[in-house]
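Below is the file model15.pdb, which contains PDB, C-alpha atoms and all ligand atoms.
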MODEL        1
ATOM      1  CA  MET A  13     138.832  31.324  87.416  1.00  0.00           C
ATOM      2  CA  ASN A  14     136.186  30.185  89.889  1.00  0.00           C
ATOM      3  CA  MET A  15     134.391  32.369  92.403  1.00  0.00           C
ATOM      4  CA  GLU A  16     136.611  31.373  95.297  1.00  0.00           C
ATOM      5  CA  GLU A  17     139.738  32.398  93.387  1.00  0.00           C
ATOM      6  CA  ARG A  18     138.184  35.671  92.272  1.00  0.00           C
ATOM      7  CA  VAL A  19     137.200  36.505  95.833  1.00  0.00           C
ATOM      8  CA  LYS A  20     140.701  35.716  97.075  1.00  0.00           C
ATOM      9  CA  ARG A  21     142.162  38.099  94.504  1.00  0.00           C
ATOM     10  CA  LEU A  22     139.620  40.759  95.384  1.00  0.00           C
ATOM     11  CA  ARG A  23     140.467  40.523  99.101  1.00  0.00           C
ATOM     12  CA  GLU A  24     144.178  40.756  98.288  1.00  0.00           C
ATOM     13  CA  LYS A  25     143.653  43.829  96.146  1.00  0.00           C
ATOM     14  CA  ILE A  26     141.543  45.487  98.844  1.00  0.00           C
ATOM     15  CA  SER A  27     144.391  44.829 101.328  1.00  0.00           C
ATOM     16  CA  VAL A  28     147.013  46.283  99.003  1.00  0.00           C
ATOM     17  CA  PHE A  29     145.090  49.510  98.482  1.00  0.00           C
ATOM     18  CA  CYS A  30     144.154  49.800 102.151  1.00  0.00           C
ATOM     19  CA  GLU A  31     147.830  49.554 102.982  1.00  0.00           C
ATOM     20  CA  LYS A  32     148.641  52.343 100.504  1.00  0.00           C
ATOM     21  CA  ALA A  33     145.912  54.475 102.051  1.00  0.00           C
ATOM     22  CA  HIS A  34     146.917  53.570 105.642  1.00  0.00           C
ATOM     23  CA  ARG A  35     143.469  52.133 106.202  1.00  0.00           C
ATOM     24  CA  ASN A  36     142.141  48.971 107.813  1.00  0.00           C
ATOM     25  CA  PRO A  37     140.493  46.520 105.354  1.00  0.00           C
ATOM     26  CA  ASP A  38     137.891  45.797 108.056  1.00  0.00           C
ATOM     27  CA  ASP A  39     136.612  49.346 107.538  1.00  0.00           C
ATOM     28  CA  ILE A  40     135.639  48.625 103.920  1.00  0.00           C
ATOM     29  CA  ILE A  41     132.234  46.988 103.553  1.00  0.00           C
ATOM     30  CA  VAL A  42     131.860  44.972 100.357  1.00  0.00           C
ATOM     31  CA  VAL A  43     128.388  44.899  98.819  1.00  0.00           C
ATOM     32  CA  ALA A  44     128.261  41.923  96.449  1.00  0.00           C
ATOM     33  CA  VAL A  45     126.354  43.157  93.405  1.00  0.00           C
ATOM     34  CA  THR A  46     124.071  40.345  92.248  1.00  0.00           C
ATOM     35  CA  LYS A  47     122.230  41.866  89.276  1.00  0.00           C
ATOM     36  CA  THR A  48     121.724  39.157  86.611  1.00  0.00           C
ATOM     37  CA  VAL A  49     123.250  36.574  89.002  1.00  0.00           C
ATOM     38  CA  ARG A  50     121.160  33.458  89.686  1.00  0.00           C
ATOM     39  CA  PRO A  51     120.179  32.559  93.278  1.00  0.00           C
ATOM     40  CA  GLU A  52     122.461  29.464  93.376  1.00  0.00           C
ATOM     41  CA  ARG A  53     125.481  31.625  92.674  1.00  0.00           C
ATOM     42  CA  ILE A  54     124.380  34.197  95.244  1.00  0.00           C
ATOM     43  CA  GLU A  55     124.317  31.331  97.777  1.00  0.00           C
ATOM     44  CA  GLU A  56     127.842  30.421  96.725  1.00  0.00           C
ATOM     45  CA  ALA A  57     128.959  33.988  97.445  1.00  0.00           C
ATOM     46  CA  TYR A  58     127.193  33.817 100.819  1.00  0.00           C
ATOM     47  CA  ARG A  59     129.183  30.698 101.685  1.00  0.00           C
ATOM     48  CA  LEU A  60     132.350  32.596 100.750  1.00  0.00           C
ATOM     49  CA  GLY A  61     131.495  35.200 103.389  1.00  0.00           C
ATOM     50  CA  PHE A  62     129.358  37.879 101.728  1.00  0.00           C
ATOM     51  CA  ASN A  63     126.120  38.872 103.423  1.00  0.00           C
ATOM     52  CA  ILE A  64     125.281  42.254 101.921  1.00  0.00           C
ATOM     53  CA  PHE A  65     123.923  42.015  98.405  1.00  0.00           C
ATOM     54  CA  GLY A  66     123.113  44.789  95.943  1.00  0.00           C
ATOM     55  CA  GLU A  67     120.443  44.684  93.259  1.00  0.00           C
ATOM     56  CA  ASN A  68     119.768  47.459  90.765  1.00  0.00           C
ATOM     57  CA  LYS A  69     116.216  46.613  89.651  1.00  0.00           C
ATOM     58  CA  VAL A  70     113.155  46.240  91.837  1.00  0.00           C
ATOM     59  CA  GLN A  71     111.501  43.710  89.520  1.00  0.00           C
ATOM     60  CA  GLU A  72     114.514  41.390  89.505  1.00  0.00           C
ATOM     61  CA  ALA A  73     114.809  41.719  93.283  1.00  0.00           C
ATOM     62  CA  ARG A  74     111.141  40.797  93.717  1.00  0.00           C
ATOM     63  CA  GLU A  75     111.816  37.542  91.928  1.00  0.00           C
ATOM     64  CA  LYS A  76     115.122  36.611  93.573  1.00  0.00           C
ATOM     65  CA  ILE A  77     115.065  37.862  97.158  1.00  0.00           C
ATOM     66  CA  PRO A  78     112.179  35.592  98.271  1.00  0.00           C
ATOM     67  CA  GLN A  79     114.109  32.599  96.906  1.00  0.00           C
ATOM     68  CA  LEU A  80     116.975  33.387  99.290  1.00  0.00           C
ATOM     69  CA  SER A  81     114.960  34.088 102.425  1.00  0.00           C
ATOM     70  CA  HIS A  82     116.467  31.005 104.131  1.00  0.00           C
ATOM     71  CA  LEU A  83     119.916  32.665 104.325  1.00  0.00           C
ATOM     72  CA  LYS A  84     120.568  34.095 107.790  1.00  0.00           C
ATOM     73  CA  ASN A  85     121.809  37.632 108.505  1.00  0.00           C
ATOM     74  CA  VAL A  86     121.609  38.818 104.929  1.00  0.00           C
ATOM     75  CA  LYS A  87     121.010  42.429 103.952  1.00  0.00           C
ATOM     76  CA  TRP A  88     119.788  43.673 100.569  1.00  0.00           C
ATOM     77  CA  HIS A  89     120.667  47.102  99.204  1.00  0.00           C
ATOM     78  CA  LEU A  90     118.998  48.798  96.259  1.00  0.00           C
ATOM     79  CA  ILE A  91     121.805  50.401  94.255  1.00  0.00           C
ATOM     80  CA  GLY A  92     119.966  51.277  91.031  1.00  0.00           C
ATOM     81  CA  HIS A  93     117.571  54.041  90.071  1.00  0.00           C
ATOM     82  CA  LEU A  94     114.223  53.842  91.859  1.00  0.00           C
ATOM     83  CA  GLN A  95     111.009  54.951  90.191  1.00  0.00           C
ATOM     84  CA  ARG A  96     108.360  56.372  92.464  1.00  0.00           C
ATOM     85  CA  ASN A  97     105.787  53.767  91.468  1.00  0.00           C
ATOM     86  CA  LYS A  98     108.122  50.968  92.682  1.00  0.00           C
ATOM     87  CA  VAL A  99     108.792  52.451  96.125  1.00  0.00           C
ATOM     88  CA  LYS A 100     106.025  50.404  97.713  1.00  0.00           C
ATOM     89  CA  TYR A 101     107.863  47.200  96.778  1.00  0.00           C
ATOM     90  CA  ALA A 102     111.339  48.555  97.488  1.00  0.00           C
ATOM     91  CA  VAL A 103     110.608  49.429 101.121  1.00  0.00           C
ATOM     92  CA  LYS A 104     109.575  45.827 101.770  1.00  0.00           C
ATOM     93  CA  LEU A 105     112.479  44.169  99.959  1.00  0.00           C
ATOM     94  CA  PHE A 106     115.473  46.286 100.909  1.00  0.00           C
ATOM     95  CA  ASP A 107     117.356  47.124 104.111  1.00  0.00           C
ATOM     96  CA  MET A 108     118.967  50.131 102.478  1.00  0.00           C
ATOM     97  CA  ILE A 109     118.111  52.313  99.470  1.00  0.00           C
ATOM     98  CA  GLN A 110     121.382  53.778  98.166  1.00  0.00           C
ATOM     99  CA  SER A 111     119.885  55.734  95.275  1.00  0.00           C
ATOM    100  CA  VAL A 112     117.784  58.513  96.810  1.00  0.00           C
ATOM    101  CA  ASP A 113     118.341  61.467  94.503  1.00  0.00           C
ATOM    102  CA  SER A 114     115.279  63.720  94.621  1.00  0.00           C
ATOM    103  CA  PHE A 115     112.858  65.384  97.006  1.00  0.00           C
ATOM    104  CA  ALA A 116     109.925  63.583  95.381  1.00  0.00           C
ATOM    105  CA  LEU A 117     111.535  60.168  95.828  1.00  0.00           C
ATOM    106  CA  ALA A 118     112.395  60.909  99.462  1.00  0.00           C
ATOM    107  CA  ASP A 119     108.791  61.976 100.091  1.00  0.00           C
ATOM    108  CA  GLU A 120     107.414  58.828  98.479  1.00  0.00           C
ATOM    109  CA  ILE A 121     109.684  56.626 100.640  1.00  0.00           C
ATOM    110  CA  GLU A 122     108.552  58.573 103.715  1.00  0.00           C
ATOM    111  CA  LYS A 123     104.935  57.889 102.783  1.00  0.00           C
ATOM    112  CA  ARG A 124     105.316  54.174 101.995  1.00  0.00           C
ATOM    113  CA  ALA A 125     107.934  53.087 104.541  1.00  0.00           C
ATOM    114  CA  ILE A 126     107.041  50.469 107.099  1.00  0.00           C
ATOM    115  CA  GLY A 127     109.148  51.847 109.933  1.00  0.00           C
ATOM    116  CA  LYS A 128     112.553  53.414 109.478  1.00  0.00           C
ATOM    117  CA  ILE A 129     114.677  52.575 106.458  1.00  0.00           C
ATOM    118  CA  ASP A 130     118.377  53.308 105.917  1.00  0.00           C
ATOM    119  CA  ILE A 131     119.145  55.420 102.881  1.00  0.00           C
ATOM    120  CA  LEU A 132     122.039  57.066 101.077  1.00  0.00           C
ATOM    121  CA  ILE A 133     121.820  60.155  98.915  1.00  0.00           C
ATOM    122  CA  GLU A 134     123.119  59.445  95.406  1.00  0.00           C
ATOM    123  CA  VAL A 135     125.150  62.363  94.038  1.00  0.00           C
ATOM    124  CA  ASN A 136     126.106  62.829  90.397  1.00  0.00           C
ATOM    125  CA  THR A 137     129.741  63.708  91.101  1.00  0.00           C
ATOM    126  CA  SER A 138     130.933  63.204  87.530  1.00  0.00           C
ATOM    127  CA  LYS A 139     128.304  65.585  86.118  1.00  0.00           C
ATOM    128  CA  GLU A 140     127.678  63.239  83.188  1.00  0.00           C
ATOM    129  CA  PRO A 141     124.197  64.253  81.987  1.00  0.00           C
ATOM    130  CA  GLN A 142     122.886  60.686  81.533  1.00  0.00           C
ATOM    131  CA  LYS A 143     123.762  59.780  85.136  1.00  0.00           C
ATOM    132  CA  HIS A 144     121.336  59.542  88.004  1.00  0.00           C
ATOM    133  CA  GLY A 145     122.067  61.339  91.249  1.00  0.00           C
ATOM    134  CA  ILE A 146     121.377  64.803  92.559  1.00  0.00           C
ATOM    135  CA  PRO A 147     123.743  67.566  91.366  1.00  0.00           C
ATOM    136  CA  PRO A 148     126.398  68.352  94.008  1.00  0.00           C
ATOM    137  CA  SER A 149     125.075  71.910  94.437  1.00  0.00           C
ATOM    138  CA  GLU A 150     121.646  70.591  95.505  1.00  0.00           C
ATOM    139  CA  ALA A 151     122.847  67.827  97.805  1.00  0.00           C
ATOM    140  CA  PHE A 152     122.704  69.915 100.996  1.00  0.00           C
ATOM    141  CA  ASN A 153     119.097  70.962 100.387  1.00  0.00           C
ATOM    142  CA  LEU A 154     118.180  67.300 100.004  1.00  0.00           C
ATOM    143  CA  VAL A 155     120.029  66.427 103.230  1.00  0.00           C
ATOM    144  CA  GLU A 156     118.078  69.111 105.082  1.00  0.00           C
ATOM    145  CA  HIS A 157     114.804  67.878 103.626  1.00  0.00           C
ATOM    146  CA  ILE A 158     115.516  64.252 104.537  1.00  0.00           C
ATOM    147  CA  LEU A 159     116.522  65.145 108.087  1.00  0.00           C
ATOM    148  CA  ASN A 160     112.980  66.468 108.540  1.00  0.00           C
ATOM    149  CA  LEU A 161     111.401  63.158 107.514  1.00  0.00           C
ATOM    150  CA  ASP A 162     110.634  60.540 110.187  1.00  0.00           C
ATOM    151  CA  ASN A 163     111.199  57.305 108.282  1.00  0.00           C
ATOM    152  CA  LEU A 164     114.410  57.969 106.383  1.00  0.00           C
ATOM    153  CA  ASN A 165     117.594  57.196 108.253  1.00  0.00           C
ATOM    154  CA  LEU A 166     120.326  59.044 106.349  1.00  0.00           C
ATOM    155  CA  LYS A 167     123.566  57.056 106.659  1.00  0.00           C
ATOM    156  CA  GLY A 168     125.693  58.784 104.033  1.00  0.00           C
ATOM    157  CA  PHE A 169     126.265  59.232 100.320  1.00  0.00           C
ATOM    158  CA  MET A 170     126.690  57.170  97.177  1.00  0.00           C
ATOM    159  CA  THR A 171     128.130  57.870  93.750  1.00  0.00           C
ATOM    160  CA  VAL A 172     128.943  56.084  90.499  1.00  0.00           C
ATOM    161  CA  GLY A 173     132.332  57.183  89.169  1.00  0.00           C
ATOM    162  CA  PRO A 174     132.899  58.488  85.635  1.00  0.00           C
ATOM    163  CA  TYR A 175     133.042  56.149  82.666  1.00  0.00           C
ATOM    164  CA  PRO A 176     135.528  55.226  81.335  1.00  0.00           C
ATOM    165  CA  VAL A 177     137.701  55.037  84.442  1.00  0.00           C
ATOM    166  CA  GLU A 178     140.589  57.462  84.362  1.00  0.00           C
ATOM    167  CA  GLU A 179     142.631  57.996  87.502  1.00  0.00           C
ATOM    168  CA  LYS A 180     142.470  61.774  87.742  1.00  0.00           C
ATOM    169  CA  LYS A 181     138.781  62.217  86.909  1.00  0.00           C
ATOM    170  CA  THR A 182     137.747  59.182  88.909  1.00  0.00           C
ATOM    171  CA  ARG A 183     139.582  60.326  92.015  1.00  0.00           C
ATOM    172  CA  GLU A 184     138.184  63.862  91.667  1.00  0.00           C
ATOM    173  CA  SER A 185     134.693  62.437  91.538  1.00  0.00           C
ATOM    174  CA  PHE A 186     135.227  60.330  94.684  1.00  0.00           C
ATOM    175  CA  ALA A 187     136.999  63.175  96.496  1.00  0.00           C
ATOM    176  CA  LEU A 188     134.004  65.390  95.746  1.00  0.00           C
ATOM    177  CA  LEU A 189     131.627  62.915  97.402  1.00  0.00           C
ATOM    178  CA  ARG A 190     133.878  62.817 100.476  1.00  0.00           C
ATOM    179  CA  GLU A 191     133.952  66.623 100.613  1.00  0.00           C
ATOM    180  CA  ILE A 192     130.155  66.788 100.348  1.00  0.00           C
ATOM    181  CA  ARG A 193     129.889  64.319 103.229  1.00  0.00           C
ATOM    182  CA  ASP A 194     132.378  66.277 105.356  1.00  0.00           C
ATOM    183  CA  LYS A 195     130.600  69.544 104.693  1.00  0.00           C
ATOM    184  CA  ALA A 196     127.193  68.035 105.462  1.00  0.00           C
ATOM    185  CA  GLU A 197     128.525  66.733 108.791  1.00  0.00           C
ATOM    186  CA  THR A 198     129.733  70.232 109.677  1.00  0.00           C
ATOM    187  CA  LEU A 199     126.581  71.996 108.478  1.00  0.00           C
ATOM    188  CA  PHE A 200     124.159  69.710 110.284  1.00  0.00           C
ATOM    189  CA  GLY A 201     126.302  68.607 113.236  1.00  0.00           C
ATOM    190  CA  LEU A 202     125.646  64.935 112.516  1.00  0.00           C
ATOM    191  CA  LYS A 203     127.683  61.925 111.388  1.00  0.00           C
ATOM    192  CA  PHE A 204     127.114  60.399 107.939  1.00  0.00           C
ATOM    193  CA  PRO A 205     129.549  57.474 108.092  1.00  0.00           C
ATOM    194  CA  VAL A 206     128.817  55.685 104.810  1.00  0.00           C
ATOM    195  CA  LEU A 207     130.588  56.643 101.580  1.00  0.00           C
ATOM    196  CA  SER A 208     129.431  54.123  98.962  1.00  0.00           C
ATOM    197  CA  MET A 209     131.818  54.498  96.047  1.00  0.00           C
ATOM    198  CA  GLY A 210     133.916  52.143  93.949  1.00  0.00           C
ATOM    199  CA  MET A 211     133.053  49.208  91.669  1.00  0.00           C
ATOM    200  CA  THR A 212     135.170  46.494  90.015  1.00  0.00           C
ATOM    201  CA  GLU A 213     137.044  48.910  87.743  1.00  0.00           C
ATOM    202  CA  ASP A 214     137.614  51.770  90.153  1.00  0.00           C
ATOM    203  CA  PHE A 215     137.410  50.563  93.764  1.00  0.00           C
ATOM    204  CA  LYS A 216     141.145  51.015  94.220  1.00  0.00           C
ATOM    205  CA  TYR A 217     140.773  54.773  93.686  1.00  0.00           C
ATOM    206  CA  ALA A 218     137.690  54.813  95.884  1.00  0.00           C
ATOM    207  CA  ILE A 219     139.643  53.239  98.761  1.00  0.00           C
ATOM    208  CA  LEU A 220     142.355  55.865  98.351  1.00  0.00           C
ATOM    209  CA  GLU A 221     139.661  58.583  98.537  1.00  0.00           C
ATOM    210  CA  GLY A 222     138.002  57.291 101.697  1.00  0.00           C
ATOM    211  CA  SER A 223     135.287  54.902 100.517  1.00  0.00           C
ATOM    212  CA  THR A 224     133.715  52.853 103.308  1.00  0.00           C
ATOM    213  CA  MET A 225     131.499  50.728 101.055  1.00  0.00           C
ATOM    214  CA  ILE A 226     132.464  49.307  97.672  1.00  0.00           C
ATOM    215  CA  ARG A 227     129.900  47.719  95.334  1.00  0.00           C
ATOM    216  CA  ILE A 228     131.474  44.803  93.534  1.00  0.00           C
ATOM    217  CA  GLY A 229     129.852  42.636  90.875  1.00  0.00           C
ATOM    218  CA  ARG A 230     132.211  41.286  88.212  1.00  0.00           C
ATOM    219  CA  ALA A 231     135.262  40.863  90.463  1.00  0.00           C
ATOM    220  CA  ILE A 232     133.178  38.351  92.445  1.00  0.00           C
ATOM    221  CA  PHE A 233     130.814  36.759  89.928  1.00  0.00           C
ATOM    222  CA  GLY A 234     132.729  37.197  86.660  1.00  0.00           C
ATOM    223  CA  GLU A 235     131.479  38.960  83.549  1.00  0.00           C
ATOM    224  CA  ARG A 236     127.729  39.508  83.146  1.00  0.00           C
ATOM    225  CA  TYR A 237     126.163  38.306  79.938  1.00  0.00           C
TER     226      TYR A 237
HETATM  227  C1  LIG B 301     126.486  46.998  88.390  1.00  0.00           C
HETATM  228  C2  LIG B 301     126.735  48.002  89.447  1.00  0.00           C
HETATM  229  C3  LIG B 301     127.848  47.876  90.299  1.00  0.00           C
HETATM  230  C4  LIG B 301     128.880  46.770  90.177  1.00  0.00           C
HETATM  231  O1  LIG B 301     129.568  46.844  88.976  1.00  0.00           O
HETATM  232  P1  LIG B 301     130.826  45.900  88.660  1.00  0.00           P
HETATM  233  O2  LIG B 301     131.552  46.641  87.613  1.00  0.00           O
HETATM  234  O3  LIG B 301     130.267  44.604  88.190  1.00  0.00           O
HETATM  235  O4  LIG B 301     131.608  45.744  89.920  1.00  0.00           O
HETATM  236  C5  LIG B 301     128.005  48.840  91.287  1.00  0.00           C
HETATM  237  N1  LIG B 301     127.139  49.859  91.433  1.00  0.00           N
HETATM  238  C6  LIG B 301     126.068  50.008  90.647  1.00  0.00           C
HETATM  239  C7  LIG B 301     125.160  51.160  90.860  1.00  0.00           C
HETATM  240  C8  LIG B 301     125.830  49.080  89.635  1.00  0.00           C
HETATM  241  O5  LIG B 301     124.759  49.239  88.831  1.00  0.00           O
ENDMDL
END

Just give me the structure of the file as structure tokens.
Amino acid sequence: MNMEERVKRLREKISVFCEKAHRNPDDIIVVAVTKTVRPERIEEAYRLGFNIFGENKVQEAREKIPQLSHLKNVKWHLIGHLQRNKVKYAVKLFDMIQSVDSFALADEIEKRAIGKIDILIEVNTSKEPQKHGIPPSEAFNLVEHILNLDNLNLKGFMTVGPYPVEEKKTRESFALLREIRDKAETLFGLKFPVLSMGMTEDFKYAILEGSTMIRIGRAIFGERY
């Protein structure tokens, strides 16, 4: 299957699950995840209508993003774990950092940012010990901390669902992120509109649980090698 066919299938599947959830497909932002994908193929995805791209490693992004600077109206999101010593590069390369999961990382972004930067708080909703993300019980303290920083624009929350995908556990994990968002909105009297959850294997459950942003790699670009 070529990229155009894969994208057509993806759009169809998004429509089907939006219909089940009584949601509008226009309310689901697709971040095309370009880790390991060469610049030529990222351009192909751009021509097929994608303009938000997600990378998971700062080093790889430093090599690829400058090669695609001629593309208009493109946004880059960092979706992978960010080490504090790479923040100085990340704030220059990315329009959004989706993986803020500690006080120390938030403080480092505050210190290095060149103006305001959009961020999401990554929550470990599946409680798998090897996963990144702040534990659910600490998420509200991190929200409060970030709201006191000048340069971090908190847009919402992000999570990576459990592996392997299993309907009940996966949906519980996504529902938990939605509940954390709802509670944070009540506690702080603010709106946090972005719920970044769902990847190739589990975006259908994420849509059913209220995701507004799905991060899709393989369903667009094919398997990674
Ligand atoms: C790789 C990755 C994705 C996309 O995964 P696919 O299964 O290829 O859709 C989404 N989110 C994060 C954090 C990733 O690292």

Two-atom distance - atom CA of A:Asp194, atom CA of A:Leu207 (Å):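 Interatomic distance here is 10.5 Å.
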
Given all atoms listed in the file as the counted atoms, nearest of A:Asp162, A:Glu24, A:Glu134, A:Glu120 to ligand LIG 301 (chain B):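 For ligand LIG 301 (chain B), the nearest of the given residues is A:Glu134.
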
Expected answer as a VMD selection string: residues within 10 Å of ligand LIG 301 (chain B), all atoms listed in the file: chain A and resid 43 to 48 66 to 69 90 to 93 110 to 111 134 144 170 to 173 208 to 215 226 to 236

Close residues, A:Glu56 itself excluded, 10 Å, all atoms listed in the file, min 6 positions apart in chain, as number ranges by chain: A: 15-16, 62, 233

Ground truth for the PyMOL selection byres (((chain A and resi 193) around 10) and not hetatm), written as a PyMOL selection string: chain A and resi 151-152+168-170+187-192+194-199+203-207

Counting all atoms listed in the file, the option among A:Ile64, A:Ile26, A:Leu166, A:Ile109 closest to A:Leu220: A:Ile26

Polymer residues at most 7 Å from (119.1, 51.9, 101.7) by all atoms listed in the file, as number ranges by chain: A: 89-90, 106-110, 129-132

Who sits within 9 Å of A:Leu154, all atoms listed in the file, same chain under 2 positions skipped, as a PyMOL selection string: chain A and resi 113-115+118+133+146+150-152+156-159

Residue with smallest distance to A:Gln95 - pool A:Leu83, A:Gln71, A:Asn165, A:Phe65, counting all atoms listed in the file: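 When distances to A:Gln95 are compared using all atoms listed in the file, the smallest one comes from A:Gln71.
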
Separation of atom CA of A:Phe186 from atom CA of A:Ala218 in Å: 6.2 Å

The PyMOL selection byres (((chain A and resi 80) around 9) and not hetatm) resolved against shown file, as a list in words: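 This file gives the following for the PyMOL selection byres (((chain A and resi 80) around 9) and not hetatm): Pro51, Glu52, Ile54, Glu55, Lys76, Ile77, Pro78, Gln79, Ser81, His82 and Leu83 of chain A.
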
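Interatomic distance, atom CA of A:Lys139 against atom CA of A:Thr224: 22.1 Å.
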
First collect every listed atom of stretch 42-58 of chain A; then fit an axis-aligned box around them, widen it by 3 Å on each side, and give centre and edge lengths in Å to one decimal, as AutoDock Vina command-line options.
--center_x 126.0 --center_y 37.2 --center_z 93.7 --size_x 17.7 --size_y 21.5 --size_z 20.2

Proximity to A:Ala102 - best of A:Arg183, A:Arg50, A:Lys216, A:Arg74, all atoms listed in the file: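 Of the candidates, the smallest distance to A:Ala102 is held by A:Arg74.
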